[in-house]
Amino acid sequence: MPATTTSAGCISLIVLLIEIPVALLLGLTSVIRGWGRADEETVAPPMDWVPILWFAGFTVGVLVIAVIFLYSVHPYASAVQLLLAAVALIFTMAAWHDQYERAHPAPPPTRAGMPHAPSDQMADR
């Protein structure tokens, strides 16, 4: 029994040491992709699906590794992978939300809602 736990811990550590740089590279490329976009257009741009799909692909990859660990009877390694998949899913949903908010900005406030805006009757004179 201790050999199985030790091997599961070693396998989990090796997989984590591979996944951590991949996740950092994924996050870095996602941040770099969005740098030049603030000044590009005045209209709302369409949703950028690339970061969402990258994060989703990473999440699916981690889930596949977790299932492989479950079938190979490494419960601790699979538990670590499932936790990592949950974190990756949170980042995937955050990337989707960020892109959705960027593509669908809030409407500008109306003139009637502004306390110091001149009324339309004064503008006609």
# chains A, B, ... in the order shown; residues from 1 in each chain; ligands from 1
call {"tool": "residues_around", "arguments": {"residues": "region 23-26 of chain A", "least_positions_apart": "2", "cutoff": "8 Å", "atoms": "only C-alpha atoms", "output": "ChimeraX atom specification"}}
result
/A:19-21,28-30,54-55,58
call {"tool": "write_last_selection", "arguments": {"atoms": "N, CA, C and O atoms", "output": "tab-separated table (two decimals), in the first residue's frame"}}
result
chain	number	residue	atom	x	y	z
A	19	GLU	N	2.29	20.56	-15.96
A	19	GLU	CA	1.10	21.39	-16.14
A	19	GLU	C	1.31	22.84	-15.70
A	19	GLU	O	0.72	23.75	-16.28
A	20	ILE	N	2.11	23.07	-14.69
A	20	ILE	CA	2.30	24.43	-14.18
A	20	ILE	C	2.93	25.35	-15.24
A	20	ILE	O	2.41	26.43	-15.49
A	21	PRO	N	4.03	24.95	-15.91
A	21	PRO	CA	4.54	25.85	-16.96
A	21	PRO	C	3.57	26.03	-18.12
A	21	PRO	O	3.50	27.12	-18.70
A	28	LEU	N	0.09	33.80	-19.74
A	28	LEU	CA	0.93	34.86	-20.28
A	28	LEU	C	0.52	35.22	-21.70
A	28	LEU	O	0.39	36.40	-22.04
A	29	THR	N	0.28	34.23	-22.54
A	29	THR	CA	-0.14	34.52	-23.91
A	29	THR	C	-1.52	35.16	-23.94
A	29	THR	O	-1.80	36.00	-24.79
A	30	SER	N	-2.38	34.78	-23.01
A	30	SER	CA	-3.71	35.39	-22.95
A	30	SER	C	-3.61	36.87	-22.58
A	30	SER	O	-4.32	37.70	-23.13
A	54	TRP	N	-8.52	28.10	-25.39
A	54	TRP	CA	-7.25	27.64	-24.81
A	54	TRP	C	-7.47	27.15	-23.38
A	54	TRP	O	-7.00	26.08	-23.01
A	55	PHE	N	-8.14	27.96	-22.59
A	55	PHE	CA	-8.40	27.56	-21.21
A	55	PHE	C	-9.29	26.32	-21.15
A	55	PHE	O	-9.08	25.44	-20.31
A	58	PHE	N	-7.17	23.29	-21.98
A	58	PHE	CA	-6.32	22.93	-20.83
A	58	PHE	C	-7.16	22.23	-19.77
A	58	PHE	O	-6.73	21.22	-19.20
call {"tool": "select_by_dssp", "arguments": {"residues": "region 10-123 of chain A", "states": "alpha helix (DSSP H)", "output": "ChimeraX atom specification"}}
result
/A:10-33,50-71,75-103,120-123
call {"tool": "closest_residue", "arguments": {"among": "A:Leu53, A:Val67, A:Leu82, A:Pro45", "to": "Leu16 (chain A)", "atoms": "only C-alpha atoms"}}
result
A:Leu82
call {"tool": "atom_distance", "arguments": {"atom1": "CA of Gly57 (chain A)", "atom2": "CA of Met93 (chain A)"}}
result
12.5 Å
call {"tool": "closest_residue", "arguments": {"among": "A:Pro107, A:Ile52, A:Met47, A:Leu13", "to": "Val80 (chain A)", "atoms": "only C-alpha atoms"}}
result
A:Leu13
call {"tool": "decode", "arguments": {"residues": "region 96-112 of chain A", "atoms": "all heavy atoms", "output": "mmCIF file, in the first residue's frame"}}
result
data_model
loop_
_atom_site.group_PDB
_atom_site.id
_atom_site.type_symbol
_atom_site.label_atom_id
_atom_site.label_comp_id
_atom_site.auth_asym_id
_atom_site.auth_seq_id
_atom_site.Cartn_x
_atom_site.Cartn_y
_atom_site.Cartn_z
ATOM 1 N N TRP A 96 -14.222 33.670 -20.271
ATOM 2 C CA TRP A 96 -15.464 33.860 -21.025
ATOM 3 C C TRP A 96 -16.172 35.131 -20.570
ATOM 4 O O TRP A 96 -16.643 35.917 -21.385
ATOM 5 C CB TRP A 96 -16.391 32.654 -20.857
ATOM 6 C CG TRP A 96 -17.714 32.901 -21.506
ATOM 7 C CD1 TRP A 96 -18.020 32.736 -22.821
ATOM 8 C CD2 TRP A 96 -18.887 33.423 -20.873
ATOM 9 N NE1 TRP A 96 -19.326 33.107 -23.037
ATOM 10 C CE2 TRP A 96 -19.884 33.538 -21.862
ATOM 11 C CE3 TRP A 96 -19.199 33.789 -19.573
ATOM 12 C CZ2 TRP A 96 -21.155 34.002 -21.578
ATOM 13 C CZ3 TRP A 96 -20.453 34.262 -19.293
ATOM 14 C CH2 TRP A 96 -21.424 34.358 -20.293
ATOM 15 N N HIS A 97 -16.263 35.329 -19.265
ATOM 16 C CA HIS A 97 -16.959 36.508 -18.737
ATOM 17 C C HIS A 97 -16.252 37.791 -19.166
ATOM 18 O O HIS A 97 -16.902 38.776 -19.531
ATOM 19 C CB HIS A 97 -17.054 36.418 -17.216
ATOM 20 C CG HIS A 97 -17.855 37.523 -16.619
ATOM 21 N ND1 HIS A 97 -17.279 38.678 -16.134
ATOM 22 C CD2 HIS A 97 -19.193 37.668 -16.438
ATOM 23 C CE1 HIS A 97 -18.212 39.481 -15.679
ATOM 24 N NE2 HIS A 97 -19.397 38.896 -15.859
ATOM 25 N N ASP A 98 -14.936 37.793 -19.132
ATOM 26 C CA ASP A 98 -14.176 38.967 -19.544
ATOM 27 C C ASP A 98 -14.424 39.286 -21.012
ATOM 28 O O ASP A 98 -14.656 40.446 -21.380
ATOM 29 C CB ASP A 98 -12.689 38.738 -19.289
ATOM 30 C CG ASP A 98 -11.851 39.929 -19.669
ATOM 31 O OD1 ASP A 98 -12.241 41.062 -19.336
ATOM 32 O OD2 ASP A 98 -10.784 39.733 -20.294
ATOM 33 N N GLN A 99 -14.396 38.267 -21.862
ATOM 34 C CA GLN A 99 -14.637 38.483 -23.282
ATOM 35 C C GLN A 99 -16.086 38.906 -23.547
ATOM 36 O O GLN A 99 -16.353 39.722 -24.423
ATOM 37 C CB GLN A 99 -14.302 37.226 -24.087
ATOM 38 C CG GLN A 99 -12.828 36.900 -24.111
ATOM 39 C CD GLN A 99 -12.011 38.017 -24.707
ATOM 40 O OE1 GLN A 99 -12.403 38.661 -25.676
ATOM 41 N NE2 GLN A 99 -10.850 38.273 -24.119
ATOM 42 N N TYR A 100 -17.015 38.352 -22.791
ATOM 43 C CA TYR A 100 -18.418 38.726 -22.952
ATOM 44 C C TYR A 100 -18.636 40.186 -22.556
ATOM 45 O O TYR A 100 -19.324 40.922 -23.249
ATOM 46 C CB TYR A 100 -19.313 37.808 -22.113
ATOM 47 C CG TYR A 100 -20.782 38.090 -22.302
ATOM 48 C CD1 TYR A 100 -21.473 37.543 -23.371
ATOM 49 C CD2 TYR A 100 -21.475 38.917 -21.426
ATOM 50 C CE1 TYR A 100 -22.819 37.819 -23.568
ATOM 51 C CE2 TYR A 100 -22.812 39.197 -21.609
ATOM 52 C CZ TYR A 100 -23.490 38.639 -22.682
ATOM 53 O OH TYR A 100 -24.807 38.917 -22.878
ATOM 54 N N GLU A 101 -18.047 40.603 -21.445
ATOM 55 C CA GLU A 101 -18.177 41.992 -21.009
ATOM 56 C C GLU A 101 -17.522 42.945 -22.003
ATOM 57 O O GLU A 101 -18.011 44.044 -22.226
ATOM 58 C CB GLU A 101 -17.547 42.180 -19.622
ATOM 59 C CG GLU A 101 -18.336 41.535 -18.507
ATOM 60 C CD GLU A 101 -19.657 42.228 -18.272
ATOM 61 O OE1 GLU A 101 -19.715 43.461 -18.318
ATOM 62 O OE2 GLU A 101 -20.647 41.515 -18.049
ATOM 63 N N ARG A 102 -16.415 42.530 -22.604
ATOM 64 C CA ARG A 102 -15.733 43.371 -23.587
ATOM 65 C C ARG A 102 -16.570 43.499 -24.855
ATOM 66 O O ARG A 102 -16.635 44.559 -25.458
ATOM 67 C CB ARG A 102 -14.363 42.780 -23.917
ATOM 68 C CG ARG A 102 -13.490 43.674 -24.751
ATOM 69 C CD ARG A 102 -12.116 43.068 -24.965
ATOM 70 N NE ARG A 102 -12.162 41.837 -25.719
ATOM 71 C CZ ARG A 102 -12.179 41.772 -27.054
ATOM 72 N NH1 ARG A 102 -12.160 42.874 -27.758
ATOM 73 N NH2 ARG A 102 -12.198 40.613 -27.674
ATOM 74 N N ALA A 103 -17.233 42.418 -25.258
ATOM 75 C CA ALA A 103 -18.025 42.435 -26.488
ATOM 76 C C ALA A 103 -19.406 43.060 -26.290
ATOM 77 O O ALA A 103 -20.016 43.515 -27.240
ATOM 78 C CB ALA A 103 -18.178 41.017 -27.027
ATOM 79 N N HIS A 104 -19.897 43.077 -25.063
ATOM 80 C CA HIS A 104 -21.219 43.634 -24.773
ATOM 81 C C HIS A 104 -21.103 44.680 -23.663
ATOM 82 O O HIS A 104 -21.508 44.433 -22.528
ATOM 83 C CB HIS A 104 -22.185 42.530 -24.337
ATOM 84 C CG HIS A 104 -22.344 41.452 -25.349
ATOM 85 N ND1 HIS A 104 -21.596 40.309 -25.321
ATOM 86 C CD2 HIS A 104 -23.166 41.359 -26.418
ATOM 87 C CE1 HIS A 104 -21.942 39.549 -26.340
ATOM 88 N NE2 HIS A 104 -22.883 40.153 -27.020
ATOM 89 N N PRO A 105 -20.556 45.851 -23.978
ATOM 90 C CA PRO A 105 -20.387 46.862 -22.927
ATOM 91 C C PRO A 105 -21.733 47.419 -22.477
ATOM 92 O O PRO A 105 -22.736 47.348 -23.189
ATOM 93 C CB PRO A 105 -19.545 47.947 -23.601
ATOM 94 C CG PRO A 105 -19.835 47.793 -25.048
ATOM 95 C CD PRO A 105 -20.096 46.321 -25.277
ATOM 96 N N ALA A 106 -21.721 47.989 -21.295
ATOM 97 C CA ALA A 106 -22.939 48.607 -20.756
ATOM 98 C C ALA A 106 -23.272 49.846 -21.583
ATOM 99 O O ALA A 106 -22.381 50.559 -22.038
ATOM 100 C CB ALA A 106 -22.729 48.987 -19.303
ATOM 101 N N PRO A 107 -24.556 50.128 -21.782
ATOM 102 C CA PRO A 107 -24.920 51.324 -22.555
ATOM 103 C C PRO A 107 -24.532 52.584 -21.793
ATOM 104 O O PRO A 107 -24.497 52.594 -20.560
ATOM 105 C CB PRO A 107 -26.434 51.205 -22.710
ATOM 106 C CG PRO A 107 -26.871 50.317 -21.606
ATOM 107 C CD PRO A 107 -25.724 49.393 -21.330
ATOM 108 N N PRO A 108 -24.248 53.656 -22.516
ATOM 109 C CA PRO A 108 -23.897 54.897 -21.826
ATOM 110 C C PRO A 108 -25.109 55.432 -21.064
ATOM 111 O O PRO A 108 -26.250 55.156 -21.417
ATOM 112 C CB PRO A 108 -23.493 55.843 -22.958
ATOM 113 C CG PRO A 108 -24.116 55.271 -24.178
ATOM 114 C CD PRO A 108 -24.212 53.794 -23.962
ATOM 115 N N PRO A 109 -24.875 56.205 -20.023
ATOM 116 C CA PRO A 109 -26.004 56.737 -19.249
ATOM 117 C C PRO A 109 -26.818 57.727 -20.082
ATOM 118 O O PRO A 109 -26.291 58.418 -20.943
ATOM 119 C CB PRO A 109 -25.343 57.434 -18.057
ATOM 120 C CG PRO A 109 -23.956 57.705 -18.503
ATOM 121 C CD PRO A 109 -23.597 56.631 -19.487
ATOM 122 N N THR A 110 -28.096 57.761 -19.787
ATOM 123 C CA THR A 110 -28.968 58.687 -20.510
ATOM 124 C C THR A 110 -28.813 60.091 -19.958
ATOM 125 O O THR A 110 -28.370 60.288 -18.824
ATOM 126 C CB THR A 110 -30.437 58.249 -20.382
ATOM 127 O OG1 THR A 110 -30.794 58.257 -18.997
ATOM 128 C CG2 THR A 110 -30.641 56.863 -20.956
ATOM 129 N N ARG A 111 -29.223 61.052 -20.739
ATOM 130 C CA ARG A 111 -29.111 62.448 -20.297
ATOM 131 C C ARG A 111 -30.082 62.748 -19.175
ATOM 132 O O ARG A 111 -29.834 63.600 -18.344
ATOM 133 C CB ARG A 111 -29.375 63.378 -21.465
ATOM 134 C CG ARG A 111 -28.271 63.321 -22.490
ATOM 135 C CD ARG A 111 -28.561 64.272 -23.577
ATOM 136 N NE ARG A 111 -28.555 65.626 -23.030
ATOM 137 C CZ ARG A 111 -27.988 66.659 -23.598
ATOM 138 N NH1 ARG A 111 -27.398 66.515 -24.750
ATOM 139 N NH2 ARG A 111 -28.026 67.856 -23.039
ATOM 140 N N ALA A 112 -31.218 62.073 -19.165
ATOM 141 C CA ALA A 112 -32.206 62.330 -18.118
ATOM 142 C C ALA A 112 -31.699 61.884 -16.761
ATOM 143 O O ALA A 112 -32.091 62.427 -15.737
ATOM 144 C CB ALA A 112 -33.513 61.617 -18.449
#
